[in-house]
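Q: Questions regarding the structure given below will be posed in turn.
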Amino acid sequence: MGKAIVITGAGIGLGRALARRFAREGETVVLLGRTYAKVQALAEELGEPHFAIECDVGQPDSVRAAFARIAERLPGIDVLINNAAIYEPFMVADATDDQILKIMNTNFAGPIFTSRAAIPMMAKGGAIINVTSEAVALEFPMLSLYASTKTGLERFTESLSRELEPAGIRVSTVRAGPMYEEGKEVNAWDPEAAMRFAGLCAAVGIDFRSRPISRVDSVTGVFRALIDLPPDVRVTHASIEARHP
């Protein structure tokens, strides 16, 4: 059965790549996603014992229900990977209430809700990995809320790591650079906002046409390494940067 690994945002991109890798390597993967059809399709692809649960990580009741279902099927959780996030460029002055609240709840409150639910199901040797972004350090126009939530998540990771150290549970940040998944659907952004975003980024020297970008499959080894650390080692922060091959 291997390790029980819970992955949020598992229906696409990095979450899906991680799920496929860990399933191949004999772990049991629990796929959480806001869109059930996506995670269920992946669960069917992977087969037993892997399973999918619909979960909006930004809603505490949804998280409680999801982890109650996990407890019905598994004796415990070995790893929680908080990967789910909303990435959408917009100007704060133009932002709707829904845009602001969804990003704050999904990107920042979500990992707190899932960690709170997972910790009682973890034993010594467990691990929580929170995925953040290069936007923490690189000032992208129109991503102020996204960058702020990821910055807050890194600070939360540091504090939670200290809090859980006596229990033998490791907490790490993986700060991810740009990556792509073959066949992934194009972001459903407002076309005008997308064009403005690209133009403002180019104006401050961030040219998406020339920047290197890595494949999602290429970065999964970092997560594997964090999970397999010897018990006398702790890594609280790892950065993944794309490079031209």
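Ordered as shown in the structure tokens, chains take letters A, B, and onward, while each chain numbers its residues from 1 and ligands are numbered from 1 in the order shown.
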What are the nearest atom pairs, with distances in Å to one decimal, for all residues of segment 97-148 of chain A that come at most 12 Å from segment 20-43 of chain A, using only C-alpha atoms, set out by chain and rising residue number as CSV?

A:
```
residue,atom,partner,partner_atom,distance
A:Thr106,CA,A:Arg34,CA,10.2
A:Gly110,CA,A:Arg34,CA,11.7
A:Thr114,CA,A:Leu32,CA,10.5
```

Q: Just want the 12 Å neighbourhood of Ala4 of chain A, counted on only C-alpha atoms, with same-chain residues fewer than 3 positions away dropped. Output as a PDB file with C-alpha atoms, in the first residue's frame.

A:
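The result, stored in result19.pdb:
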```
ATOM      1  CA  MET A   1       0.000   0.000   0.000  1.00  0.00           C
ATOM      2  CA  ILE A   7      -2.774  15.946  -2.919  1.00  0.00           C
ATOM      3  CA  ALA A  19      -0.262  11.784  -8.384  1.00  0.00           C
ATOM      4  CA  PHE A  22       3.535   8.433  -6.659  1.00  0.00           C
ATOM      5  CA  ALA A  23       0.980   5.930  -7.931  1.00  0.00           C
ATOM      6  CA  GLU A  25       5.955   4.126  -7.213  1.00  0.00           C
ATOM      7  CA  GLY A  26       3.508   2.154  -5.102  1.00  0.00           C
ATOM      8  CA  GLU A  27       2.057   4.864  -2.880  1.00  0.00           C
ATOM      9  CA  THR A  28      -1.662   5.283  -2.210  1.00  0.00           C
ATOM     10  CA  VAL A  29      -2.795   8.617  -3.602  1.00  0.00           C
ATOM     11  CA  VAL A  30      -5.869  10.538  -2.472  1.00  0.00           C
ATOM     12  CA  LEU A  31      -6.906  13.060  -5.103  1.00  0.00           C
ATOM     13  CA  PRO A  49      -6.308   1.778  -4.335  1.00  0.00           C
ATOM     14  CA  HIS A  50      -6.233   5.426  -5.398  1.00  0.00           C
ATOM     15  CA  PHE A  51      -9.410   7.463  -5.011  1.00  0.00           C
ATOM     16  CA  ILE A  70     -10.417   9.782   3.956  1.00  0.00           C
ATOM     17  CA  ALA A  71     -10.572   8.522   7.554  1.00  0.00           C
ATOM     18  CA  ARG A  73     -10.879   4.438   3.995  1.00  0.00           C
ATOM     19  CA  LEU A  74      -7.380   4.906   5.412  1.00  0.00           C
ATOM     20  CA  PRO A  75      -5.909   4.386   8.899  1.00  0.00           C
ATOM     21  CA  GLY A  76      -3.848   7.566   8.579  1.00  0.00           C
ATOM     22  CA  ILE A  77      -2.117  10.075   6.321  1.00  0.00           C
ATOM     23  CA  ASP A  78       1.634  10.083   5.707  1.00  0.00           C
ATOM     24  CA  VAL A  79       1.922  13.115   3.418  1.00  0.00           C
ATOM     25  CA  LEU A  80      -0.224  16.142   2.631  1.00  0.00           C
ATOM     26  CA  ILE A  81       0.724  18.210  -0.422  1.00  0.00           C
ATOM     27  CA  ALA A 118      -4.610  16.180   8.402  1.00  0.00           C
ATOM     28  CA  MET A 121      -4.329  11.686  11.181  1.00  0.00           C
ATOM     29  CA  MET A 122      -0.524  11.878  11.004  1.00  0.00           C
ATOM     30  CA  ALA A 123       2.114  10.065  13.034  1.00  0.00           C
ATOM     31  CA  GLY A 126       4.639  12.512   8.465  1.00  0.00           C
ATOM     32  CA  ALA A 127       5.140  15.442   6.120  1.00  0.00           C
ATOM     33  CA  ILE A 227       9.216  12.825   1.399  1.00  0.00           C
TER      34      ILE A 227
END
```

Q: How many Å lie between atom CA of Gly125 of chain A and atom CA of Asp56 of chain A, rounded to one decimal?

A: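 Atom CA of Asp56 of chain A lies at a distance of 26.9 Å from atom CA of Gly125 of chain A.
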
Q: May I ask which of the residues A:Glu45, A:Glu139, A:Asp232, A:Asp190 is the closest one to Glu88 of chain A, counting only C-alpha atoms?

A: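 For Glu88 of chain A, the nearest of the candidates is A:Asp190.
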
Q: Using only C-alpha atoms, can you tell me which of A:Val222, A:Ala52, A:Ala238, A:Ala68 comes closest to Leu18 of chain A?

A: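 Of all the options, A:Val222 lies closest to Leu18 of chain A.
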
Q: Find the spatial neighbours of Met179 of chain A, counting only C-alpha atoms, within a cut-off of 6 Å - ignore same-chain residues fewer than 6 positions away - and output them as a PDB file with N, CA and C atoms, in the first residue's frame.

A:
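Result file follows (out31.pdb):
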```pdb
ATOM      1  N   ILE A 213      10.969  27.596 -19.096  1.00  0.00           N
ATOM      2  CA  ILE A 213       9.831  26.981 -18.421  1.00  0.00           C
ATOM      3  C   ILE A 213      10.067  25.475 -18.349  1.00  0.00           C
ATOM      4  N   SER A 214       9.778  24.884 -17.215  1.00  0.00           N
ATOM      5  CA  SER A 214      10.014  23.454 -17.040  1.00  0.00           C
ATOM      6  C   SER A 214       8.707  22.673 -17.176  1.00  0.00           C
ATOM      7  N   ARG A 215       8.828  21.398 -17.434  1.00  0.00           N
ATOM      8  CA  ARG A 215       7.669  20.511 -17.484  1.00  0.00           C
ATOM      9  C   ARG A 215       7.285  20.101 -16.064  1.00  0.00           C
ATOM     10  N   VAL A 216       6.003  19.890 -15.841  1.00  0.00           N
ATOM     11  CA  VAL A 216       5.569  19.480 -14.500  1.00  0.00           C
ATOM     12  C   VAL A 216       6.198  18.151 -14.097  1.00  0.00           C
TER      13      VAL A 216
END
```

Q: As number ranges by chain, please: the residues near segment 143-148 of chain A (cut-off 10 Å, only C-alpha atoms, same-chain neighbours under 6 positions excluded).

A: A: 85-92, 99-101, 103-104, 107-108, 132-137, 154, 197

Q: With distances taken over only C-alpha atoms, which residue among A:Gly58, A:Pro178, A:Pro191, A:Gly183 lies nearest Phe208 of chain A?

A: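 Comparing A:Gly58, A:Pro178, A:Pro191, A:Gly183 against Phe208 of chain A, the winner is A:Pro178.
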
Q: One decimal, Å: what's the distance from atom CA of Pro141 of chain A over to atom CA of Ala188 of chain A, could you say?

A: 18.4 Å

Q: In segment 16-226 of chain A, what's alpha helix (DSSP H) per DSSP? Answer as a PyMOL selection string?

A: chain A and resi 16-24+36-46+60-73+97-103+110-118+144-164+191-203+216-226

Q: Take the residues from that selection and write them out as an mmCIF file, in the first residue's frame, keeping C-alpha atoms.

A:
```
data_model
loop_
_atom_site.group_PDB
_atom_site.id
_atom_site.type_symbol
_atom_site.label_atom_id
_atom_site.label_comp_id
_atom_site.auth_asym_id
_atom_site.auth_seq_id
_atom_site.Cartn_x
_atom_site.Cartn_y
_atom_site.Cartn_z
ATOM 1 C CA ARG A 16 -1.746 15.450 -11.531
ATOM 2 C CA ALA A 17 1.936 14.855 -12.326
ATOM 3 C CA LEU A 18 2.680 14.160 -8.658
ATOM 4 C CA ALA A 19 -0.262 11.784 -8.384
ATOM 5 C CA ARG A 20 0.838 9.803 -11.430
ATOM 6 C CA ARG A 21 4.408 9.521 -10.178
ATOM 7 C CA PHE A 22 3.535 8.433 -6.659
ATOM 8 C CA ALA A 23 0.980 5.930 -7.931
ATOM 9 C CA ARG A 24 3.631 4.372 -10.194
ATOM 10 C CA TYR A 36 -14.870 16.221 -9.120
ATOM 11 C CA ALA A 37 -14.936 15.113 -12.765
ATOM 12 C CA LYS A 38 -11.235 15.920 -13.150
ATOM 13 C CA VAL A 39 -9.998 14.087 -10.074
ATOM 14 C CA GLN A 40 -12.348 11.168 -10.663
ATOM 15 C CA ALA A 41 -11.032 10.767 -14.212
ATOM 16 C CA LEU A 42 -7.506 10.602 -12.822
ATOM 17 C CA ALA A 43 -8.551 8.106 -10.136
ATOM 18 C CA GLU A 44 -10.017 5.867 -12.842
ATOM 19 C CA GLU A 45 -6.801 6.179 -14.837
ATOM 20 C CA LEU A 46 -4.667 5.207 -11.823
ATOM 21 C CA PRO A 60 -13.829 24.589 5.902
ATOM 22 C CA ASP A 61 -16.935 22.390 5.817
ATOM 23 C CA SER A 62 -15.848 20.906 2.496
ATOM 24 C CA VAL A 63 -12.421 20.129 3.958
ATOM 25 C CA ARG A 64 -13.941 18.520 7.055
ATOM 26 C CA ALA A 65 -16.180 16.332 4.921
ATOM 27 C CA ALA A 66 -13.321 15.292 2.644
ATOM 28 C CA PHE A 67 -11.008 14.285 5.478
ATOM 29 C CA ALA A 68 -13.839 12.428 7.212
ATOM 30 C CA ARG A 69 -14.169 10.362 4.041
ATOM 31 C CA ILE A 70 -10.417 9.782 3.956
ATOM 32 C CA ALA A 71 -10.572 8.522 7.554
ATOM 33 C CA GLU A 72 -13.231 6.031 6.534
ATOM 34 C CA ARG A 73 -10.879 4.438 3.995
ATOM 35 C CA ASP A 97 -15.420 40.451 -4.093
ATOM 36 C CA ASP A 98 -15.511 36.906 -5.465
ATOM 37 C CA GLN A 99 -12.038 37.179 -7.016
ATOM 38 C CA ILE A 100 -10.505 38.504 -3.817
ATOM 39 C CA LEU A 101 -12.168 36.010 -1.488
ATOM 40 C CA LYS A 102 -11.566 32.970 -3.698
ATOM 41 C CA ILE A 103 -7.841 33.665 -3.974
ATOM 42 C CA GLY A 110 -7.070 26.405 2.223
ATOM 43 C CA PRO A 111 -3.696 24.949 3.268
ATOM 44 C CA ILE A 112 -4.474 25.928 6.860
ATOM 45 C CA PHE A 113 -7.829 24.136 6.754
ATOM 46 C CA THR A 114 -6.319 20.990 5.201
ATOM 47 C CA SER A 115 -3.332 20.962 7.559
ATOM 48 C CA ARG A 116 -5.647 21.285 10.553
ATOM 49 C CA ALA A 117 -7.645 18.307 9.296
ATOM 50 C CA ALA A 118 -4.610 16.180 8.402
ATOM 51 C CA SER A 144 -0.597 41.287 -5.826
ATOM 52 C CA LEU A 145 -3.135 39.018 -4.102
ATOM 53 C CA TYR A 146 -1.646 35.832 -5.518
ATOM 54 C CA ALA A 147 1.842 36.851 -4.365
ATOM 55 C CA SER A 148 0.566 37.964 -0.974
ATOM 56 C CA THR A 149 -1.219 34.675 -0.299
ATOM 57 C CA LYS A 150 1.850 32.677 -1.295
ATOM 58 C CA THR A 151 4.069 34.858 0.900
ATOM 59 C CA GLY A 152 1.722 34.302 3.805
ATOM 60 C CA LEU A 153 1.779 30.563 3.142
ATOM 61 C CA GLU A 154 5.568 30.517 3.398
ATOM 62 C CA ARG A 155 5.411 32.261 6.757
ATOM 63 C CA PHE A 156 2.722 29.836 7.916
ATOM 64 C CA THR A 157 4.942 26.927 6.850
ATOM 65 C CA GLU A 158 7.833 28.181 8.961
ATOM 66 C CA SER A 159 5.661 28.571 12.048
ATOM 67 C CA LEU A 160 3.863 25.265 11.581
ATOM 68 C CA SER A 161 7.206 23.509 11.158
ATOM 69 C CA ARG A 162 8.251 24.651 14.623
ATOM 70 C CA GLU A 163 4.862 23.770 16.059
ATOM 71 C CA LEU A 164 4.940 20.203 14.739
ATOM 72 C CA PRO A 191 -8.853 38.123 -22.622
ATOM 73 C CA GLU A 192 -8.447 41.837 -21.953
ATOM 74 C CA ALA A 193 -6.912 41.173 -18.524
ATOM 75 C CA ALA A 194 -4.588 38.539 -20.019
ATOM 76 C CA MET A 195 -3.305 40.956 -22.670
ATOM 77 C CA ARG A 196 -2.833 43.705 -20.098
ATOM 78 C CA PHE A 197 -0.963 41.301 -17.838
ATOM 79 C CA ALA A 198 1.438 40.260 -20.595
ATOM 80 C CA GLY A 199 2.026 43.857 -21.600
ATOM 81 C CA LEU A 200 2.702 45.087 -18.055
ATOM 82 C CA CYS A 201 5.044 42.170 -17.377
ATOM 83 C CA ALA A 202 7.003 42.916 -20.556
ATOM 84 C CA ALA A 203 7.242 46.566 -19.511
ATOM 85 C CA VAL A 216 5.569 19.480 -14.500
ATOM 86 C CA ASP A 217 6.976 15.954 -14.758
ATOM 87 C CA SER A 218 10.496 17.309 -14.366
ATOM 88 C CA VAL A 219 9.943 18.758 -10.905
ATOM 89 C CA THR A 220 8.239 15.850 -9.140
ATOM 90 C CA GLY A 221 11.588 14.485 -7.977
ATOM 91 C CA VAL A 222 11.943 17.411 -5.578
ATOM 92 C CA PHE A 223 8.791 16.287 -3.770
ATOM 93 C CA ARG A 224 9.989 12.683 -3.780
ATOM 94 C CA ALA A 225 13.247 13.773 -2.158
ATOM 95 C CA LEU A 226 11.451 15.755 0.553
#
```
